[in-house]
Structures are given as C-alpha cells and as structure tokens.
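One structure is given below, encoded as structure tokens.
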Amino acid sequence: MKLSTKQNLKTLGITIFILVVLNVLGTLFFHRFDLTKDQRYTLSPTSLGIVKQIKNPLSIKIYMAGDLPADFRRLQQETKQLLEEFQAYNSNIVFEFVDPLENEEESDELTKSLFQKGLTPINITVDDKGKQSQAMVFPWAVAVYNNKEVNIPLLKNIMGASTTQKVIGSIQHLEYSIADAINKITKDKQKKVAIIKGNGELNEVHVAKMLMQIRESYFIGPFTLDSVAKDPNGTLNALKKYDLAIISKPTEKFSDEEKEVLDQFIMNGGKTLWLIDQVAADMDSLYNDMGATLAYPRDLNLNDMFFKYGFRINPDLIKDEQGTPIKLATGEQGSATQYQDFVWKFAPQVFPTSQHPIVKNLGGIKFDFANPIDTLKNGIKKTVLLQSSQYSKTIGSPVEVNLNMVTEKTTPQDYLNKGNKPLAVLLEGSFHSAFENRVLPFKDNSFTAQGKPNKMIVVADGDIARNQLDKNMMPVELGYDQRTGNLYDNKDFVMNCINYLLDDTGLINIRSKDVELPLLDKEKVYENYTFTQFITIGVPILILLVFGLVFTFVRKRKYSK
C-alpha cells in the first residue's frame with residue numbers, strides 16, 4: 001500500500017474517531033452558545049429556574065403568522081428564537097404559530113373568540129416605498145398548562161411611538177413577558193396581598209383592573225381596619241398573615257391604634273405600597289357649571305409615621321408643562337359643540353429616567369393632582385422611581401383649580417430650578433417603628449422597635465391605580481383615558497411595584513435586559529433603492545458572469561494546445 005494512501009486512511013480514521021468522541025460528549029453534556037453581542041438568547045438564571053418547574057406539557061399558541069409587515073416579521077422571528085431557547089431546556093414546552101386570518105370561513109369565529117379572551121388586534125399602516133396599506137395583526141400568544149390559560153402580550157404599548165419603536169421595546173421585554181406568563185401558570189400561588197379598607201379608600205370597582213392583575217399571581221383579599229377598635233391584637237395577628245398591604249387613596253384619618261397595626265406589620269417584614277393623596281382634589285369635581293374646585297390639604301394622621309420611615313409627602317400640587325391632554329368644549333353659545341385638545345398641567349405624564357427594573361423601559365405614566373415627596377436622612381436607602389419634568393413646580397394648597405388654567409402662558413423661566421420633584425420612591429432597609437420610645441396606643445407584648453430588612457414603595461397619587469368606568473359603569477383598562485383615547489403605562493408600573501415587593505425569584509430583574517437591534521434606515525433605502533438592488537442582485541450575477549468568462553477562456557486556452 002502506498003505511503004500516501006496509508007496517510008489518508010490514518011487521517012480518515014482520526015477524523016471519524018474525533019467525530020464519534022464529540023457526539024458522545026454531546027449526549028453527555030448540554031450547552032448552547034449565544035454568539036450575539038448583547039446575549040439576547042441567553043436565558044437568565046431566573047428564567048431557567050422557571051423553566052425547570054414545568055413538569056407537564058405546556059402549549060403556547062402565537063397568533064402571528066402569515067403575511068406580516070416587516071416590523072412584525074422581526075418580532076415573530078425573535079419570539080420564535082426565544083421560545084426555541086426555552087424549549088431547548090425543557091421539552092415539555094411546545095409552541096406553534098397560527099394565522100388567525102388564514103381561513104376566511106373560520107377567521108370570523110376565531111377572531112371573535114380572541115376578542116372574548118381580551119386579545120385585541122391592532123391596525124397598522126404599512127408604508128412600502130410611499131404606498132400605504134392597512135394590516136391587522138394579533139400580537140398575542142396564549143399559554144395553556146394543566147387546564148389553566150394565560151395571555152401573553154407580545155407588543156408593548158408605547159404611546160406616541162412608531163411601530164418600529166414599539167417592536168424594539170417589545171423585543172426587549174420578550175423574555176420577561178414569556179417567563180412571567182409561564183411562572184403565573186405553573187407556579188402555585190403563595191404570597192398574600194391585603195387591600196386595606198376602612199378609611200375611605202378607593203372602591204373595588206375603581207381598582208378592579210388592578211385586582212384582576214394581582215389575582216393572576218397572588219392570593220388577594222380585602223382587609224378592613226374597623227376591627228382595630230374592638231380587638232387590635234387580633235387584627236394585627238390577622239394582618240401578619242399577609243405579605244403585602246396596599247393602601248390606595250385613603251380619605252379619612254387613621255387612628256393611632258390603626259397606625260400601630262400597620263407599623264408593626266411593617267416591623268415584622270410586611271411589605272407596603274402606599275398610594276397617598278395629601279391634597280383633596282379630583283377631576284370629577286371640576287366638571288361643573290363653574291369649571292372650578294377648591295384643592296385643600298387632607299389630614300390622614302400619617303405624617304409622623306412617614307417621617308420616621310424617611311419620607312414626607314407635602315400638601316402641594318405638582319403643575320407640570322409635560323401634562324396629559326384633556327378635551328374641553330369650545331365655541332360660542334348656540335353653536336354646535338366643538339372639542340379642542342389642551343394640556344392639563346395638573347395631570348403630569350411622567351416618563352421614567354431611572355434605570356431601576358421597576359420602571360426601566362416603561363412608557364408614559366399618568367398622574368392626577370400629584371404631590372411632591374421629600375426624602376429624609378435616616379439610614380434607609382431611597383430610590384426615586386418617578387419624578388416630574390424639569391418644567392414643573394409646586395402649588396401650595398388650599399388653592400382654587402379651574403379649567404381656564406389651560407390657557408395660561410408660561411416661559412421656561414417660570415420653572416427655573418423648580419422641577420424634577422419626586423413622585424414615587426422605593427425605600428429599602430431596616431425601618432424603625434413610629435412608636436419607638438412612645439406610649440403605645442394599645443398593649444402589644446410582641447412590639448418590635450426596629451424591624452427586619454424590608455422594603456416599601458410610596459406613590460404620591462392615589463389615582464395612579466384607579467381605572468375609569470365606561471357608560472355601563474364597567475371598569476376599563478387601567479391607564480386608559482376614555483376622554484382622549486390614550487393608554488398610559490399605569491398598569492405595568494403598579495404591577496411592577498407589586499412584583500418587586502413580593503418577588504423572591506428575581507423575575508423583575510429580567511426587565512433590565514438590554515437588547516441592541518440593528519435597524520435599517522428606511523429613508524436611505526428608498527433614496528438608494530435602485531443602487532441597493534444593483535448591489536444585492538446585480539453584483540453577484542456580474543461576478544458569476546466574469547467567473548464564467550474567465551473559466552471558459554482558461555479552459556479553451558488549456559485544451560486548444
């Protein structure tokens with residue numbers, strides 16, 4: 001046998017041996033390589049932990065298939081690749097893409113059923129080289145596990161943003177949206193949320209949408225403090241069984257006994273979400289013949305507690321040039337009623353600037369008659385989550401507020417060094433009791449002067465979690481303003497606050513993930529469309545043609561001799 005043949009056989013044998021070894025190692029060890037710069041397909045440890053708890057088949061239907069606009073094809077592809085990553089770590093996950101408009105005979109019935117589930121489509125305008133057309137897309141998925149079902153929103157609402165910007169924001173939230181939905185449907189409820197009642201808080205119908213969202217992940221129940229007068233210790237022991245207390249826009253004073261119950265709940269590790277109005281003012285009170293109302297300070301008897309915890313809510317109103325729109329009737333009497341959009345400066349639209357996971361990548365959040373928060377030095381870590389714009393200032397109360405204020409003319413000088421007032425603050429640390437070194441309103445043998453490490457969030461606006469009611473007195477989506485048709489990010493903000501306070505798995509931290517998406521400049525593409533076509537189609541053909549001619553010439557020259 002020739003030496004060259006032996007060498008070739010030896011090389012072939014070594015190659016086969018290496019391939020066999022690699023295949024054996026591949027069956028023993030599992031690893032996936034993510035070569036993207038931003039590691040967008042690398043699941044976080046939290047997501048991996050959620051995936052591992054899936055013991056039975058989990059089915060996901062994604063209603064984005066068929067002839068989609070370019071931006072949504074990008075969202076579809078990113079969704080598919082991320083689901084494949086989930087599936088790689090747990091084969092119980094199966095998914096399929098469905099086109100709800102594919103079959104004309106069945107599409108009406110299917111779209112109707114999707115509507116009933118709350119999966120509303122969006123109509124978008126597709127601009128293709130100046131030609132515009134309309135397209136309807138269902139940017140939703142539905143996950144089913146053990147006869148339980150949960151909707152997964154794939155397109156994030158960003159008010160005022162283009163479709164491309166919305167898709168970019170949605171891709172950044174994809175892992176969080178999918179992991180959160182899987183966690184809801186596979187994990188048994190464990191944490192308990194108490195909705196505090198008894199001091200004039202918002203009615204259930206006005207917080208119905210928030211309650212529905214909370215109920216998806218946590219046990220929830222109303223908790224009245226009326227029983228404090230008869231049995232304060234029993235009330236405290238009952239409240240300690242909850243993990244979070246939500247105090248949503250109380251309008252009546254808290255007694256010292258009620259304050260001690262809340263205080264000791266906090267000292268024993270209970271989380272709190274304070275949604276507080278320190279000034280009595282409501283939009284409904286403005287819609288009268290005078291178009292005016294008196295805004296006055298509200299005494300809730302909570303200031304000493306808040307001061308001890310490290311913050312103070314001032315009885316002032318925030319007036320912000322970055323307000324939300326309001327529609328008001330204009331025109332002369334006797335003529336047809338016309339409506340015009342104005343900016344209502346007492347309803348700031350706040351865009352988060354903090355990079356904290358609670359607010360990162362959120363859109364505009366609507367406030368109504370918000371108050372400024374002062375933070376105090378007491379060893380507690382404070383993080384400002386939301387603040388007014390630089391063109392804002394405080395208005396002391398009592399003060400008359402009227403609708404004619406929409407016509408006021410202002411200049412940047414009016415707001416010089418007055419803006420950026422904190423409206424929502426996260427506090428973390430070991431709080432000291434408001435009743436430390438004081439006579440207790442009621443005897444508590446388990447009284448704790450300094451609590452264990454804890455956290456609370458205070459928002460200086462009770463209406464941030466309030467949903468409006470439609471003409472049938474049914475609640476509409478939290479954050480949706482019926483008067484203007486705008487949808488704000490109030491729901492996501494409130495739920496992020498609750499999830500952060502109760503989340504032990506780090507799920508909320510997935511929101512901090514940044515994804516860098518290289519995008520085409522459509523204007524440049526349209527300007528250079530012919531040249532781009534030549535580069536992408538003509539140049540490869542030209543190269544093949546030149547190669548063919550050269551190859552033919554060389555072949556003729558070689559064999560003609």
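Here's how to read the names in the structure tokens: chain A, B, ... by the order shown, residue numbers from 1 in each chain, ligand numbers from 1 in the order shown.
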
Exercise. What lies within 10 Å of region 354-366 of chain A using only C-alpha atoms, ignoring chain neighbours under 2 positions off, as a PyMOL selection string?
Worked result: chain A and resi 156-161+169-170+172-173+323-324+347-352+368+370+383-387+426+461+463-465+479-481+487-501+507-514

For this session: Mind listing the strand (DSSP E or B) residues of region 320-508 of chain A, per DSSP on the backbone, as number ranges by chain?
Result: A: 320, 323-330, 338-350, 365-366, 373-375, 381-387, 392-396, 399-402, 422-429, 432, 450, 454-459, 469, 475, 480-481, 486-487

Problem set entry | Nearest to Phe72 (chain A), chosen from A:Pro139, A:Ser107, A:Asp374, A:Ile318, with only C-alpha atoms counted in the distances |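 Among the listed residues, A:Pro139 lies closest to Phe72 (chain A).
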
Problem set entry | Best match for closeness to Val476 (chain A) among A:Ile54, A:Met212, A:Leu154, A:Gly198, counting only C-alpha atoms |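 Smallest separation from Val476 (chain A) among the options: A:Met212.
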
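Using only C-alpha atoms, the protein and nucleic acid residues lying no more than 10 Å from Lys241 (chain A), apart from those fewer than 5 places from it along its own chain, are Lys191, Lys192, Val193, Ala194, Leu236, Phe265 and Gly270 of chain A.
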
Exercise. Nearest to Lys166 (chain A): which of A:Glu477, A:Glu428, A:Asp304, A:Asp71 is it, counting only C-alpha atoms?
Worked result: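 Using only C-alpha atoms, Lys166 (chain A) sits closest to A:Asp71.
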
For this session: Go ahead and compute the interatomic distance for CA of Leu376 (chain A) and CA of Ala449 (chain A), in Å to one decimal.
Result: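 Calculated distance between CA of Leu376 (chain A) and CA of Ala449 (chain A) is 19.2 Å.
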